Amino acid sequence: MKYIISVLTILCLLYSCRKEEITHKSISKVKTESRTIKKTLDSLNISILLDLSDRIGYSNQKENDLKHVVNIAEIFKNHVMNKKSILLEEHLQVFFEPDPHPDKTDDVVAELKFDITKNSTKETMTSIKKKYKEFIPQLYEWAKESPDTKNGADIWRFFKDNVTDYCIEEGHRNILIILTDGYLYHQGNILKKGKRTTRINQKLLNSTTLNRQDWKTIIDKNNMGILWEEGELKDLEILVLGIDKHDNKNPNAEDIIKYYWSNWFTEMGVQKFKIKRTGKPAHLKKVIHDFILDE
């Protein structure tokens, strides 16, 4: 009798352990599936900001910008077409500074604004790349003819007045991709407080203060940088493409521009950003792809 009781006790213990193991595996499975589902629920809200100042007059600038924009549109299109339709809530839109033709650009903006949901048709999704390839060149043609192009691009005020309202959607990965040479300047917006300013221009980069090897030490010591007293942008990821010193004589000009922008984004509270110098669109396509898809 004692033998039978011992056997039953052992069997009960084995069953209890097995049950606990199965339960543990089930919980782990649920947790794993939960993580997978959460990842698939990530929705993209991508905004593109085009710097249409006189930078577009440089050789191949229009062509390079167009290739970057088409690459972004293609990556977005592939993303929405490969995602389960029931999970779709994706956005793609374009902005520009300055406005090259206020009477006509609203129609272009409407054509290039995509709000993809489970009700969107396949035709709408497949038209994304085609429309960006078709309409973006028109913006550059208008910009070349516009006198406002020479006044600069007010990117600083775009951040101050528009980014929060235009580029951030709750429950999304909010990504802003800026095509610019990195010079911050607009004739109608020149502000200064101490060593902080709303400008990065040729004069600043060529100054004796920064045209030296210890420029980074000078910037930090004197609290130099972009003037920013606005709110934080923790829900925004930023990719900047096209930093270029152009004909500036300071050999460190590009590094200084990137340093100014990096400090600016850090002070904004931006959690993820990348700043790339000008380069071949074929090479930068991977940078764009990895940034958008977080790879």
# chains A, B, ... in the order shown; residues from 1 in each chain; ligands from 1
>>> residues_around(residues="Gly57 (chain A)", least_positions_apart="2", cutoff="12 Å", atoms="only C-alpha atoms", output="list of chain:residue names")
A:Asp51, A:Leu52, A:Ser53, A:Asp54, A:Arg55, A:Ser59, A:Asn60, A:Gln61, A:Lys62, A:Glu63, A:Asp65, A:Tyr140, A:Glu141, A:Ala143, A:Lys144, A:Glu145, A:Thr149, A:Lys150, A:Asp181, A:His246
>>> residues_around(residues="Ser207 (chain A)", least_positions_apart="4", cutoff="12 Å", atoms="only C-alpha atoms", output="count of residues only")
12
>>> closest_residue(among="A:Ile218, A:Leu239, A:Leu284, A:Leu233", to="Glu267 (chain A)", atoms="only C-alpha atoms")
A:Leu233
>>> select_by_dssp(residues="region 57-239 of chain A", states="alpha helix (DSSP H)", output="MDAnalysis selection string")
chainID A and resid 61:82 105:111 122:145 155:161 163:167 202:206 215:221
>>> write_last_selection(atoms="C-alpha atoms", output="tab-separated table (two decimals), in the first residue's frame")
chain	number	residue	atom	x	y	z
A	61	GLN	CA	20.67	69.11	-57.11
A	62	LYS	CA	17.19	68.79	-58.58
A	63	GLU	CA	17.96	65.35	-60.03
A	64	ASN	CA	19.47	64.07	-56.77
A	65	ASP	CA	16.58	65.39	-54.68
A	66	LEU	CA	14.07	63.78	-57.03
A	67	LYS	CA	15.82	60.41	-56.72
A	68	HIS	CA	15.84	60.67	-52.91
A	69	VAL	CA	12.13	61.51	-52.84
A	70	VAL	CA	11.22	58.70	-55.24
A	71	ASN	CA	13.26	56.28	-53.12
A	72	ILE	CA	11.33	57.38	-50.02
A	73	ALA	CA	8.02	56.93	-51.87
A	74	GLU	CA	9.06	53.49	-53.08
A	75	ILE	CA	10.07	52.35	-49.57
A	76	PHE	CA	6.75	53.62	-48.20
A	77	LYS	CA	4.79	51.93	-51.00
A	78	ASN	CA	6.51	48.59	-50.40
A	79	HIS	CA	5.86	48.92	-46.67
A	80	VAL	CA	2.10	49.43	-47.04
A	81	MET	CA	1.73	46.73	-49.69
A	82	ASN	CA	3.51	44.16	-47.52
A	105	THR	CA	1.12	74.25	-54.83
A	106	ASP	CA	-1.93	73.27	-52.77
A	107	ASP	CA	-3.08	71.00	-55.59
A	108	VAL	CA	0.34	69.35	-55.71
A	109	VAL	CA	0.37	68.85	-51.92
A	110	ALA	CA	-3.02	67.16	-52.15
A	111	GLU	CA	-1.77	64.78	-54.87
A	122	LYS	CA	-4.29	48.56	-54.39
A	123	GLU	CA	-4.38	51.15	-57.18
A	124	THR	CA	-3.89	53.93	-54.63
A	125	MET	CA	-0.89	52.15	-53.13
A	126	THR	CA	0.77	51.42	-56.45
A	127	SER	CA	0.33	55.06	-57.53
A	128	ILE	CA	2.46	56.47	-54.69
A	129	LYS	CA	5.85	56.27	-56.41
A	130	LYS	CA	4.40	57.32	-59.78
A	131	LYS	CA	2.80	60.48	-58.36
A	132	TYR	CA	5.94	61.55	-56.51
A	133	LYS	CA	7.97	61.06	-59.66
A	134	GLU	CA	5.43	63.09	-61.63
A	135	PHE	CA	4.70	66.05	-59.32
A	136	ILE	CA	7.95	66.79	-57.43
A	137	PRO	CA	9.79	68.12	-60.54
A	138	GLN	CA	7.06	70.74	-60.96
A	139	LEU	CA	7.86	72.18	-57.52
A	140	TYR	CA	11.49	72.63	-58.54
A	141	GLU	CA	10.57	74.29	-61.82
A	142	TRP	CA	8.38	76.80	-59.98
A	143	ALA	CA	11.13	77.36	-57.39
A	144	LYS	CA	13.68	78.20	-60.09
A	145	GLU	CA	11.34	80.90	-61.40
A	155	ILE	CA	13.37	75.67	-41.85
A	156	TRP	CA	13.83	77.05	-38.33
A	157	ARG	CA	10.33	78.56	-38.32
A	158	PHE	CA	8.90	75.37	-39.83
A	159	PHE	CA	10.15	73.58	-36.72
A	160	LYS	CA	8.89	76.33	-34.42
A	161	ASP	CA	5.41	76.74	-35.90
A	163	VAL	CA	6.27	70.42	-36.95
A	164	THR	CA	4.12	69.53	-33.94
A	165	ASP	CA	0.82	70.18	-35.74
A	166	TYR	CA	1.76	68.83	-39.17
A	167	CYS	CA	4.23	66.00	-38.61
A	202	GLN	CA	28.68	81.30	-45.08
A	203	LYS	CA	29.68	84.25	-42.89
A	204	LEU	CA	29.40	82.21	-39.69
A	205	LEU	CA	31.37	79.27	-41.07
A	206	ASN	CA	34.12	81.51	-42.47
A	215	TRP	CA	36.17	74.87	-33.46
A	216	LYS	CA	34.24	72.31	-31.37
A	217	THR	CA	35.86	73.53	-28.14
A	218	ILE	CA	35.03	77.12	-29.08
A	219	ILE	CA	31.37	76.25	-29.78
A	220	ASP	CA	30.93	74.41	-26.47
A	221	LYS	CA	32.83	76.98	-24.39
>>> atom_distance(atom1="CA of Leu179 (chain A)", atom2="CA of Asn162 (chain A)")
16.9 Å
>>> select_by_dssp(residues="region 40-221 of chain A", states="strand (DSSP E or B)", output="PyMOL selection string")
chain A and resi 43-51+89-97+114-117+152-153+172-179+184-186+192-193+196-197+200
>>> residues_around(residues="Gly194 (chain A)", least_positions_apart="6", cutoff="12 Å", atoms="only C-alpha atoms", output="list of chain:residue names")
A:Asn222, A:Asn223, A:Met224, A:Gly225, A:Ile226, A:Leu227, A:Trp228
>>> atom_distance(atom1="CA of Ser85 (chain A)", atom2="CA of Ile48 (chain A)")
24.1 Å
>>> residues_around(residues="Asn151 (chain A)", least_positions_apart="6", cutoff="9 Å", atoms="only C-alpha atoms", output="PyMOL selection string")
chain A and resi 53-54+98+185-188
>>> closest_residue(among="A:Gly242, A:Asn189, A:Leu293, A:Leu49", to="Lys280 (chain A)", atoms="only C-alpha atoms")
A:Gly242
